[in-house]
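Below is the file work03.txt, which contains compact mmCIF, N, CA and C atoms.
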# COMPACT_ATOMS: atom_id res chain seq x y z
N MET B 720 0.84 -1.19 0.00
CA MET B 720 0.00 0.00 0.00
C MET B 720 0.88 1.25 0.00
N GLU B 721 0.50 2.19 -0.78
CA GLU B 721 1.22 3.46 -0.87
C GLU B 721 0.96 4.28 0.39
N ASN B 722 1.92 5.11 0.76
CA ASN B 722 1.76 5.98 1.92
C ASN B 722 1.74 7.41 1.40
N GLN B 723 0.54 8.00 1.40
CA GLN B 723 0.37 9.36 0.87
C GLN B 723 1.21 10.39 1.61
N TYR B 724 1.46 10.15 2.89
CA TYR B 724 2.23 11.10 3.69
C TYR B 724 3.71 11.06 3.30
N ILE B 725 4.22 9.86 3.06
CA ILE B 725 5.61 9.74 2.59
C ILE B 725 5.74 10.35 1.21
N GLU B 726 4.78 10.08 0.33
CA GLU B 726 4.83 10.65 -1.02
C GLU B 726 4.85 12.18 -0.96
N HIS B 727 4.05 12.76 -0.07
CA HIS B 727 4.03 14.21 0.10
C HIS B 727 5.41 14.70 0.59
N ALA B 728 5.98 14.00 1.55
CA ALA B 728 7.30 14.38 2.08
C ALA B 728 8.37 14.27 1.01
N VAL B 729 8.30 13.26 0.16
CA VAL B 729 9.27 13.11 -0.94
C VAL B 729 9.20 14.34 -1.84
N ARG B 730 7.99 14.79 -2.14
CA ARG B 730 7.84 16.00 -2.98
C ARG B 730 8.43 17.23 -2.27
N LEU B 731 8.18 17.36 -0.99
CA LEU B 731 8.71 18.52 -0.24
C LEU B 731 10.23 18.51 -0.22
N ARG B 732 10.83 17.34 0.04
CA ARG B 732 12.29 17.24 0.14
C ARG B 732 12.97 17.46 -1.21
N ALA B 733 12.21 17.35 -2.30
CA ALA B 733 12.77 17.58 -3.64
C ALA B 733 12.75 19.05 -4.04
N ILE B 734 11.98 19.86 -3.33
CA ILE B 734 11.89 21.29 -3.64
C ILE B 734 13.21 21.95 -3.29
N THR B 735 13.73 22.74 -4.21
CA THR B 735 15.00 23.41 -3.94
C THR B 735 14.82 24.90 -3.66
N GLU B 736 13.69 25.47 -4.04
CA GLU B 736 13.46 26.90 -3.83
C GLU B 736 13.16 27.22 -2.37
N ILE B 737 12.56 26.28 -1.67
CA ILE B 737 12.20 26.44 -0.26
C ILE B 737 12.79 25.25 0.47
N HIS B 738 13.44 25.50 1.62
CA HIS B 738 13.99 24.40 2.39
C HIS B 738 12.98 23.91 3.42
N TYR B 739 12.68 22.64 3.36
CA TYR B 739 11.86 21.99 4.39
C TYR B 739 12.80 21.19 5.26
N ASN B 740 12.99 21.62 6.51
CA ASN B 740 13.84 20.84 7.41
C ASN B 740 13.12 19.54 7.75
N CYS B 741 13.79 18.67 8.49
CA CYS B 741 13.22 17.35 8.78
C CYS B 741 11.90 17.44 9.54
N ALA B 742 11.80 18.32 10.51
CA ALA B 742 10.56 18.47 11.27
C ALA B 742 9.43 18.95 10.37
N GLN B 743 9.72 19.94 9.54
CA GLN B 743 8.71 20.45 8.63
C GLN B 743 8.28 19.40 7.62
N ALA B 744 9.23 18.61 7.13
CA ALA B 744 8.93 17.59 6.13
C ALA B 744 8.06 16.48 6.70
N VAL B 745 8.08 16.30 8.03
CA VAL B 745 7.17 15.35 8.67
C VAL B 745 5.84 16.03 8.97
N LEU B 746 5.87 17.23 9.49
CA LEU B 746 4.64 17.93 9.89
C LEU B 746 3.72 18.30 8.74
N VAL B 747 4.28 18.89 7.70
CA VAL B 747 3.45 19.45 6.62
C VAL B 747 2.53 18.41 5.98
N PRO B 748 2.98 17.19 5.69
CA PRO B 748 2.06 16.22 5.09
C PRO B 748 0.85 15.88 5.97
N PHE B 749 0.96 16.06 7.26
CA PHE B 749 -0.13 15.74 8.19
C PHE B 749 -0.97 16.96 8.57
N ALA B 750 -0.67 18.11 7.99
CA ALA B 750 -1.34 19.35 8.39
C ALA B 750 -2.86 19.22 8.36
N SER B 751 -3.41 18.73 7.27
CA SER B 751 -4.87 18.69 7.16
C SER B 751 -5.51 17.76 8.19
N VAL B 752 -4.90 16.61 8.48
CA VAL B 752 -5.48 15.72 9.48
C VAL B 752 -5.31 16.27 10.90
N CYS B 753 -4.36 17.20 11.06
CA CYS B 753 -4.15 17.85 12.36
C CYS B 753 -5.00 19.11 12.50
N GLY B 754 -5.69 19.49 11.43
CA GLY B 754 -6.57 20.66 11.50
C GLY B 754 -5.86 21.99 11.38
N ILE B 755 -4.67 21.99 10.76
CA ILE B 755 -3.95 23.24 10.54
C ILE B 755 -3.57 23.33 9.07
N SER B 756 -3.20 24.51 8.66
CA SER B 756 -2.78 24.71 7.27
C SER B 756 -1.34 24.24 7.10
N GLU B 757 -0.97 23.99 5.86
CA GLU B 757 0.42 23.62 5.60
C GLU B 757 1.36 24.75 5.99
N GLU B 758 0.92 25.99 5.80
CA GLU B 758 1.74 27.14 6.18
C GLU B 758 2.00 27.14 7.69
N LYS B 759 0.94 26.88 8.48
CA LYS B 759 1.12 26.83 9.95
C LYS B 759 2.04 25.68 10.34
N ALA B 760 1.90 24.53 9.69
CA ALA B 760 2.78 23.39 9.99
C ALA B 760 4.22 23.75 9.66
N TYR B 761 4.43 24.44 8.55
CA TYR B 761 5.77 24.88 8.15
C TYR B 761 6.34 25.82 9.21
N GLN B 762 5.51 26.75 9.68
CA GLN B 762 5.96 27.70 10.71
C GLN B 762 6.23 26.99 12.03
N LEU B 763 5.38 26.05 12.41
CA LEU B 763 5.53 25.34 13.67
C LEU B 763 6.85 24.57 13.71
N GLY B 764 7.23 23.96 12.60
CA GLY B 764 8.45 23.17 12.57
C GLY B 764 9.72 23.94 12.26
N ALA B 765 9.61 25.25 12.08
CA ALA B 765 10.73 26.05 11.60
C ALA B 765 12.01 25.91 12.42
N HIS B 766 11.91 25.78 13.71
CA HIS B 766 13.10 25.79 14.55
C HIS B 766 13.41 24.43 15.18
N PHE B 767 12.85 23.38 14.58
CA PHE B 767 13.08 22.04 15.11
C PHE B 767 14.00 21.20 14.23
N GLY B 768 14.36 21.70 13.06
CA GLY B 768 15.30 20.98 12.21
C GLY B 768 16.69 20.99 12.82
N SER B 769 17.51 20.05 12.40
CA SER B 769 18.89 19.91 12.91
C SER B 769 18.91 19.78 14.44
N GLY B 770 17.94 19.06 14.94
CA GLY B 770 17.89 18.86 16.40
C GLY B 770 17.71 20.16 17.14
N MET B 771 16.68 20.91 16.77
CA MET B 771 16.39 22.22 17.35
C MET B 771 17.54 23.18 17.12
N LYS B 772 18.19 23.00 15.98
CA LYS B 772 19.31 23.83 15.53
C LYS B 772 20.52 23.74 16.45
N MET B 773 20.59 22.64 17.23
CA MET B 773 21.74 22.49 18.12
C MET B 773 22.14 21.03 18.29
N GLY B 774 21.72 20.17 17.36
CA GLY B 774 22.13 18.78 17.39
C GLY B 774 21.38 17.91 18.37
N SER B 775 20.31 18.42 18.93
CA SER B 775 19.53 17.64 19.90
C SER B 775 18.64 16.63 19.16
N VAL B 776 17.49 16.31 19.69
CA VAL B 776 16.64 15.27 19.12
C VAL B 776 16.33 15.57 17.65
N CYS B 777 16.51 14.54 16.82
CA CYS B 777 16.28 14.62 15.37
C CYS B 777 14.96 15.32 15.06
N GLY B 778 14.99 16.22 14.10
CA GLY B 778 13.80 16.96 13.70
C GLY B 778 12.69 16.06 13.19
N ALA B 779 13.02 14.97 12.52
CA ALA B 779 11.99 14.05 12.05
C ALA B 779 11.23 13.44 13.23
N VAL B 780 11.95 13.14 14.29
CA VAL B 780 11.34 12.58 15.50
C VAL B 780 10.46 13.64 16.17
N THR B 781 10.97 14.85 16.34
CA THR B 781 10.17 15.88 17.01
C THR B 781 8.95 16.26 16.17
N GLY B 782 9.11 16.28 14.85
CA GLY B 782 7.95 16.55 13.99
C GLY B 782 6.87 15.49 14.18
N ALA B 783 7.28 14.23 14.24
CA ALA B 783 6.32 13.15 14.44
C ALA B 783 5.65 13.25 15.81
N LEU B 784 6.43 13.63 16.82
CA LEU B 784 5.85 13.77 18.16
C LEU B 784 4.82 14.90 18.19
N MET B 785 5.07 15.96 17.43
CA MET B 785 4.08 17.04 17.36
C MET B 785 2.79 16.54 16.73
N VAL B 786 2.91 15.73 15.69
CA VAL B 786 1.71 15.17 15.05
C VAL B 786 0.97 14.27 16.03
N ILE B 787 1.69 13.41 16.73
CA ILE B 787 1.05 12.54 17.72
C ILE B 787 0.28 13.39 18.74
N GLY B 788 0.90 14.46 19.20
CA GLY B 788 0.23 15.35 20.14
C GLY B 788 -1.00 16.01 19.56
N MET B 789 -0.88 16.53 18.34
CA MET B 789 -2.03 17.21 17.73
C MET B 789 -3.18 16.26 17.44
N LEU B 790 -2.87 14.98 17.23
CA LEU B 790 -3.92 14.00 16.96
C LEU B 790 -4.47 13.37 18.24
N GLY B 791 -4.01 13.87 19.39
CA GLY B 791 -4.50 13.36 20.66
C GLY B 791 -3.94 12.00 21.01
N GLY B 792 -2.73 11.72 20.54
CA GLY B 792 -2.10 10.44 20.80
C GLY B 792 -1.91 10.17 22.28
N THR B 793 -1.92 8.91 22.61
CA THR B 793 -1.77 8.48 24.00
C THR B 793 -0.30 8.30 24.35
N ASP B 794 -0.03 8.11 25.63
CA ASP B 794 1.33 7.80 26.07
C ASP B 794 1.79 6.49 25.46
N ASP B 795 0.88 5.53 25.33
CA ASP B 795 1.25 4.25 24.71
C ASP B 795 1.66 4.45 23.25
N GLN B 796 0.97 5.31 22.54
CA GLN B 796 1.33 5.58 21.14
C GLN B 796 2.68 6.29 21.07
N TYR B 797 2.91 7.22 21.97
CA TYR B 797 4.21 7.89 22.05
C TYR B 797 5.31 6.87 22.28
N ARG B 798 5.11 6.01 23.28
CA ARG B 798 6.13 5.00 23.60
C ARG B 798 6.35 4.03 22.45
N ALA B 799 5.28 3.64 21.77
CA ALA B 799 5.41 2.72 20.63
C ALA B 799 6.23 3.37 19.52
N PHE B 800 5.95 4.64 19.23
CA PHE B 800 6.70 5.35 18.19
C PHE B 800 8.17 5.44 18.58
N MET B 801 8.45 5.86 19.80
CA MET B 801 9.84 6.01 20.23
C MET B 801 10.57 4.68 20.24
N LYS B 802 9.90 3.60 20.60
CA LYS B 802 10.53 2.28 20.58
C LYS B 802 10.91 1.90 19.15
N MET B 803 10.03 2.16 18.21
CA MET B 803 10.32 1.84 16.81
C MET B 803 11.56 2.60 16.34
N MET B 804 11.63 3.87 16.66
CA MET B 804 12.77 4.67 16.22
C MET B 804 14.05 4.22 16.92
N ARG B 805 13.97 3.96 18.22
CA ARG B 805 15.17 3.52 18.95
C ARG B 805 15.62 2.13 18.51
N ASP B 806 14.69 1.27 18.19
CA ASP B 806 15.05 -0.07 17.72
C ASP B 806 15.89 0.00 16.45
N ASN B 807 15.64 1.02 15.64
CA ASN B 807 16.39 1.17 14.38
C ASN B 807 17.67 1.98 14.52
N HIS B 808 17.77 2.80 15.57
CA HIS B 808 18.90 3.73 15.64
C HIS B 808 19.65 3.73 16.97
N GLY B 809 19.27 2.90 17.88
CA GLY B 809 19.94 2.90 19.17
C GLY B 809 19.30 3.88 20.13
N ILE B 810 19.86 3.98 21.28
CA ILE B 810 19.27 4.77 22.36
C ILE B 810 19.26 6.27 22.04
N SER B 811 20.27 6.77 21.35
CA SER B 811 20.32 8.21 21.06
C SER B 811 19.65 8.52 19.73
N LEU B 812 18.68 9.39 19.80
CA LEU B 812 18.04 9.89 18.59
C LEU B 812 18.44 11.35 18.36
N ASN B 813 19.56 11.76 18.94
CA ASN B 813 20.06 13.11 18.73
C ASN B 813 20.64 13.24 17.34
N CYS B 814 20.33 14.33 16.70
CA CYS B 814 20.78 14.61 15.34
C CYS B 814 22.30 14.47 15.22
N VAL B 815 23.01 15.05 16.14
CA VAL B 815 24.47 15.04 16.07
C VAL B 815 25.00 13.60 16.10
N ASP B 816 24.42 12.74 16.93
CA ASP B 816 24.86 11.35 17.02
C ASP B 816 24.48 10.56 15.77
N LEU B 817 23.27 10.79 15.29
CA LEU B 817 22.82 10.10 14.08
C LEU B 817 23.68 10.49 12.87
N LEU B 818 23.99 11.78 12.76
CA LEU B 818 24.81 12.24 11.63
C LEU B 818 26.25 11.73 11.74
N LYS B 819 26.75 11.62 12.96
CA LYS B 819 28.10 11.09 13.14
C LYS B 819 28.16 9.63 12.69
N LYS B 820 27.19 8.83 13.12
CA LYS B 820 27.12 7.43 12.69
C LYS B 820 27.01 7.34 11.17
N ASN B 821 26.20 8.21 10.61
CA ASN B 821 26.01 8.23 9.16
C ASN B 821 27.31 8.57 8.43
N GLN B 822 28.03 9.56 8.94
CA GLN B 822 29.29 9.96 8.32
C GLN B 822 30.31 8.83 8.41
N GLU B 823 30.37 8.18 9.56
CA GLU B 823 31.29 7.06 9.73
C GLU B 823 30.98 5.92 8.77
N ALA B 824 29.71 5.78 8.40
CA ALA B 824 29.30 4.76 7.44
C ALA B 824 29.54 5.20 6.00
N GLY B 825 29.97 6.46 5.82
CA GLY B 825 30.28 6.98 4.50
C GLY B 825 29.06 7.32 3.65
N GLN B 826 27.96 7.63 4.31
CA GLN B 826 26.74 7.95 3.58
C GLN B 826 26.53 9.46 3.52
N GLU B 827 25.79 9.88 2.50
CA GLU B 827 25.50 11.30 2.32
C GLU B 827 24.50 11.79 3.37
N LYS B 828 24.69 13.03 3.81
CA LYS B 828 23.82 13.61 4.83
C LYS B 828 22.37 13.71 4.34
N LYS B 829 22.15 14.23 3.14
CA LYS B 829 20.78 14.39 2.65
C LYS B 829 20.05 13.06 2.55
N VAL B 830 20.75 12.04 2.07
CA VAL B 830 20.13 10.72 1.97
C VAL B 830 19.72 10.22 3.36
N HIS B 831 20.60 10.41 4.33
CA HIS B 831 20.31 9.99 5.71
C HIS B 831 19.09 10.76 6.24
N CYS B 832 19.11 12.07 6.09
CA CYS B 832 18.02 12.89 6.62
C CYS B 832 16.69 12.56 5.94
N ASP B 833 16.72 12.39 4.63
CA ASP B 833 15.50 12.00 3.91
C ASP B 833 14.98 10.68 4.47
N HIS B 834 15.88 9.72 4.67
CA HIS B 834 15.46 8.42 5.21
C HIS B 834 14.83 8.58 6.60
N MET B 835 15.40 9.42 7.44
CA MET B 835 14.84 9.64 8.77
C MET B 835 13.42 10.20 8.67
N VAL B 836 13.20 11.12 7.74
CA VAL B 836 11.86 11.69 7.54
C VAL B 836 10.88 10.59 7.13
N TYR B 837 11.25 9.80 6.14
CA TYR B 837 10.34 8.77 5.63
C TYR B 837 10.10 7.68 6.68
N GLU B 838 11.13 7.33 7.42
CA GLU B 838 10.98 6.33 8.48
C GLU B 838 10.06 6.85 9.59
N ALA B 839 10.25 8.10 10.00
CA ALA B 839 9.40 8.68 11.04
C ALA B 839 7.94 8.70 10.60
N ILE B 840 7.71 9.04 9.34
CA ILE B 840 6.33 9.07 8.82
C ILE B 840 5.75 7.66 8.78
N ALA B 841 6.53 6.70 8.32
CA ALA B 841 6.04 5.32 8.26
C ALA B 841 5.68 4.81 9.65
N ASP B 842 6.56 5.05 10.62
CA ASP B 842 6.30 4.61 11.99
C ASP B 842 5.10 5.35 12.59
N LEU B 843 5.00 6.64 12.30
CA LEU B 843 3.90 7.46 12.79
C LEU B 843 2.57 6.96 12.24
N THR B 844 2.51 6.70 10.94
CA THR B 844 1.24 6.24 10.36
C THR B 844 0.85 4.87 10.91
N GLU B 845 1.85 4.04 11.21
CA GLU B 845 1.55 2.74 11.80
C GLU B 845 1.00 2.89 13.22
N VAL B 846 1.70 3.67 14.03
CA VAL B 846 1.30 3.85 15.43
C VAL B 846 -0.06 4.53 15.53
N MET B 847 -0.31 5.52 14.70
CA MET B 847 -1.56 6.28 14.77
C MET B 847 -2.65 5.69 13.87
N GLN B 848 -2.33 4.60 13.18
CA GLN B 848 -3.27 3.91 12.30
C GLN B 848 -3.91 4.85 11.29
N LEU B 849 -3.04 5.58 10.59
CA LEU B 849 -3.51 6.53 9.56
C LEU B 849 -3.41 5.91 8.18
Just give me the structure as structure tokens.
Amino acid sequence: MENQYIEHAVRLRAITEIHYNCAQAVLVPFASVCGISEEKAYQLGAHFGSGMKMGSVCGAVTGALMVIGMLGGTDDQYRAFMKMMRDNHGISLNCVDLLKKNQEAGQEKKVHCDHMVYEAIADLTEVMQL
């Protein structure tokens, strides 16, 4: 089955005229189901990319957590989402740590970040049954 939210994020990440950080690329596709405009979702995620612009928690993760919150997600849904992400990336979901592991593996930053966005959306849609 196709995932409309991932497809939307793929289109956003391909835009070169406007930069969608990882948080925005997760938030914007869910804007309508969250009851906000895409512009508001873009604004909401503006300072959460690159781990809140300081290497902290990955923007894709924080964007997904914002969606879970806006959809009235439960603590169990939060924990399920975080477990899925940690199972794939280890205990630290900090941007700086993820990028360091990625660099050591010799992979491109954009490819890694795009993958984090798509993975967060896939896990989010599973946990929230969207």
Worksheet item: So which one's closest to Met771 (chain B), B:Val752, B:Cys814, B:Met803, B:Leu790? Using all atoms listed in the file, please.
Response: B:Cys814
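For the residues B:Val846, B:Leu818, B:Ala799, B:Val780, ranking by smallest atom-to-atom distance to His831 (chain B) using only N, CA and C atoms places B:Leu818 first.
Of the residues listed (B:Gly778, B:Gly791, B:Gln723, B:Met801), B:Gly778 shows the shortest atom-to-atom separation from His766 (chain B); distances use all atoms listed in the file.
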Worksheet, complete the sentence: As a check of understanding: the span from CA of Pro748 (chain B) to CA of Ala839 (chain B) is 12.1 Å
Worksheet item: Distance CA of Asp816 (chain B)-CA of Glu845 (chain B), one decimal place?
Response: 25.4 Å
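All residues of protein, DNA or RNA that reach within 7 Å of Tyr761 (chain B), judged by only N, CA and C atoms and not counting those fewer than 6 positions away in the chain, are Gln743, Leu746 and Val747 of chain B.
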Save the residues we just selected, N, CA and C atoms, as a PDB file, in the frame of the given file?
ATOM      1  N   GLN B 743       9.720  19.940   9.540  1.00  0.00           N
ATOM      2  CA  GLN B 743       8.710  20.450   8.630  1.00  0.00           C
ATOM      3  C   GLN B 743       8.280  19.400   7.620  1.00  0.00           C
ATOM      4  N   LEU B 746       5.870  17.230   9.490  1.00  0.00           N
ATOM      5  CA  LEU B 746       4.640  17.930   9.890  1.00  0.00           C
ATOM      6  C   LEU B 746       3.720  18.300   8.740  1.00  0.00           C
ATOM      7  N   VAL B 747       4.280  18.890   7.700  1.00  0.00           N
ATOM      8  CA  VAL B 747       3.450  19.450   6.620  1.00  0.00           C
ATOM      9  C   VAL B 747       2.530  18.410   5.980  1.00  0.00           C
TER      10      VAL B 747
END
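Interatomic distance, atom N of Ala783 (chain B) to atom N of Gly825 (chain B): 25.4 Å.
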Item to complete: Would you kindly return, as a PyMOL selection string, each protein, DNA or RNA residue with an atom no farther than 12 Å from any atom of Asn807 (chain B), considering only C-alpha atoms and excluding same-chain residues fewer than 5 positions away?
Response: chain B and resi 800-802+812+817+834-835+838-839+842
Given the selection you just returned, output its residues as a file containing N, CA and C atoms, formatted as a PDB file, keeping the file's coordinate frame.
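That gives us part01.pdb:
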ATOM      1  N   PHE B 800       5.950   4.640  19.230  1.00  0.00           N
ATOM      2  CA  PHE B 800       6.700   5.350  18.190  1.00  0.00           C
ATOM      3  C   PHE B 800       8.170   5.440  18.580  1.00  0.00           C
ATOM      4  N   MET B 801       8.450   5.860  19.800  1.00  0.00           N
ATOM      5  CA  MET B 801       9.840   6.010  20.230  1.00  0.00           C
ATOM      6  C   MET B 801      10.570   4.680  20.240  1.00  0.00           C
ATOM      7  N   LYS B 802       9.900   3.600  20.600  1.00  0.00           N
ATOM      8  CA  LYS B 802      10.530   2.280  20.580  1.00  0.00           C
ATOM      9  C   LYS B 802      10.910   1.900  19.150  1.00  0.00           C
ATOM     10  N   LEU B 812      18.680   9.390  19.800  1.00  0.00           N
ATOM     11  CA  LEU B 812      18.040   9.890  18.590  1.00  0.00           C
ATOM     12  C   LEU B 812      18.440  11.350  18.360  1.00  0.00           C
ATOM     13  N   LEU B 817      23.270  10.790  15.290  1.00  0.00           N
ATOM     14  CA  LEU B 817      22.820  10.100  14.080  1.00  0.00           C
ATOM     15  C   LEU B 817      23.680  10.490  12.870  1.00  0.00           C
ATOM     16  N   HIS B 834      15.880   9.720   4.670  1.00  0.00           N
ATOM     17  CA  HIS B 834      15.460   8.420   5.210  1.00  0.00           C
ATOM     18  C   HIS B 834      14.830   8.580   6.600  1.00  0.00           C
ATOM     19  N   MET B 835      15.400   9.420   7.440  1.00  0.00           N
ATOM     20  CA  MET B 835      14.840   9.640   8.770  1.00  0.00           C
ATOM     21  C   MET B 835      13.420  10.200   8.670  1.00  0.00           C
ATOM     22  N   GLU B 838      11.130   7.330   7.420  1.00  0.00           N
ATOM     23  CA  GLU B 838      10.980   6.330   8.480  1.00  0.00           C
ATOM     24  C   GLU B 838      10.060   6.850   9.590  1.00  0.00           C
ATOM     25  N   ALA B 839      10.250   8.100  10.000  1.00  0.00           N
ATOM     26  CA  ALA B 839       9.400   8.680  11.040  1.00  0.00           C
ATOM     27  C   ALA B 839       7.940   8.700  10.600  1.00  0.00           C
ATOM     28  N   ASP B 842       6.560   5.050  10.620  1.00  0.00           N
ATOM     29  CA  ASP B 842       6.300   4.610  11.990  1.00  0.00           C
ATOM     30  C   ASP B 842       5.100   5.350  12.590  1.00  0.00           C
TER      31      ASP B 842
END
Item to complete: Please report, as a PyMOL selection string, each residue of chain B to which DSSP assigns helix (DSSP H, G or I) when run on this structure's backbone.
Response: chain B and resi 723-733+741-753+757-763+768-774+778-789+794-808+814-823+828-846
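Within the 10 Å cut-off around Cys741 (chain B), using only C-alpha atoms and omitting residues fewer than 6 positions from it on the same chain, the listed residues are Ala728, Arg732, Gly764, Ala765, Phe767, Gly768, Ser769, Gly770, Cys777, Gly778, Ala779, Val780, Thr781, Gly782, Ala783, Cys832, Asp833, His834, Met835, Val836, Tyr837 and Ala839 of chain B.
Distances to Val729 (chain B) were evaluated for B:Val830, B:Ser775, B:Ala744, B:Gln822 using all atoms listed in the file, and the minimum falls at B:Ala744.
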Could you model all heavy atoms for region 759-767 of chain B and present them as a compact mmCIF listing (two decimals), keeping the file's coordinate frame?
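Heads up, here's the output in out20.txt:
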# COMPACT_ATOMS: atom_id res chain seq x y z
N LYS B 759 0.94 26.88 8.48
CA LYS B 759 1.12 26.83 9.95
C LYS B 759 2.04 25.68 10.34
O LYS B 759 2.88 25.83 11.24
CB LYS B 759 -0.23 26.66 10.66
CG LYS B 759 -0.95 27.95 10.88
CD LYS B 759 -0.20 28.80 11.88
CE LYS B 759 -0.85 30.15 11.96
NZ LYS B 759 0.06 31.22 12.28
N ALA B 760 1.90 24.53 9.69
CA ALA B 760 2.78 23.39 9.99
C ALA B 760 4.22 23.75 9.66
O ALA B 760 5.14 23.43 10.43
CB ALA B 760 2.33 22.16 9.20
N TYR B 761 4.43 24.44 8.55
CA TYR B 761 5.77 24.88 8.15
C TYR B 761 6.34 25.82 9.21
O TYR B 761 7.49 25.68 9.63
CB TYR B 761 5.70 25.56 6.79
CG TYR B 761 7.02 26.02 6.24
CD1 TYR B 761 7.87 25.12 5.60
CD2 TYR B 761 7.43 27.35 6.36
CE1 TYR B 761 9.10 25.54 5.08
CE2 TYR B 761 8.64 27.77 5.85
CZ TYR B 761 9.48 26.86 5.21
OH TYR B 761 10.69 27.28 4.71
N GLN B 762 5.51 26.75 9.68
CA GLN B 762 5.96 27.70 10.71
C GLN B 762 6.23 26.99 12.03
O GLN B 762 7.23 27.28 12.70
CB GLN B 762 4.90 28.79 10.92
CG GLN B 762 4.75 29.72 9.74
CD GLN B 762 3.54 30.64 9.87
OE1 GLN B 762 2.58 30.33 10.57
NE2 GLN B 762 3.58 31.76 9.16
N LEU B 763 5.38 26.05 12.41
CA LEU B 763 5.53 25.34 13.67
C LEU B 763 6.85 24.57 13.71
O LEU B 763 7.55 24.57 14.73
CB LEU B 763 4.36 24.36 13.86
CG LEU B 763 4.36 23.51 15.12
CD1 LEU B 763 4.29 24.37 16.37
CD2 LEU B 763 3.19 22.54 15.08
N GLY B 764 7.23 23.96 12.60
CA GLY B 764 8.45 23.17 12.57
C GLY B 764 9.72 23.94 12.26
O GLY B 764 10.81 23.37 12.24
N ALA B 765 9.61 25.25 12.08
CA ALA B 765 10.73 26.05 11.60
C ALA B 765 12.01 25.91 12.42
O ALA B 765 13.10 25.90 11.86
CB ALA B 765 10.33 27.53 11.52
N HIS B 766 11.91 25.78 13.71
CA HIS B 766 13.10 25.79 14.55
C HIS B 766 13.41 24.43 15.18
O HIS B 766 14.16 24.35 16.15
CB HIS B 766 12.98 26.88 15.62
CG HIS B 766 12.80 28.23 15.01
ND1 HIS B 766 13.81 28.89 14.36
CD2 HIS B 766 11.71 29.01 14.89
CE1 HIS B 766 13.36 30.03 13.88
NE2 HIS B 766 12.09 30.13 14.20
N PHE B 767 12.85 23.38 14.58
CA PHE B 767 13.08 22.04 15.11
C PHE B 767 14.00 21.20 14.23
O PHE B 767 14.37 20.09 14.61
CB PHE B 767 11.75 21.32 15.33
CG PHE B 767 10.99 21.86 16.50
CD1 PHE B 767 10.11 22.92 16.35
CD2 PHE B 767 11.18 21.33 17.77
CE1 PHE B 767 9.42 23.45 17.44
CE2 PHE B 767 10.49 21.85 18.86
CZ PHE B 767 9.61 22.91 18.69
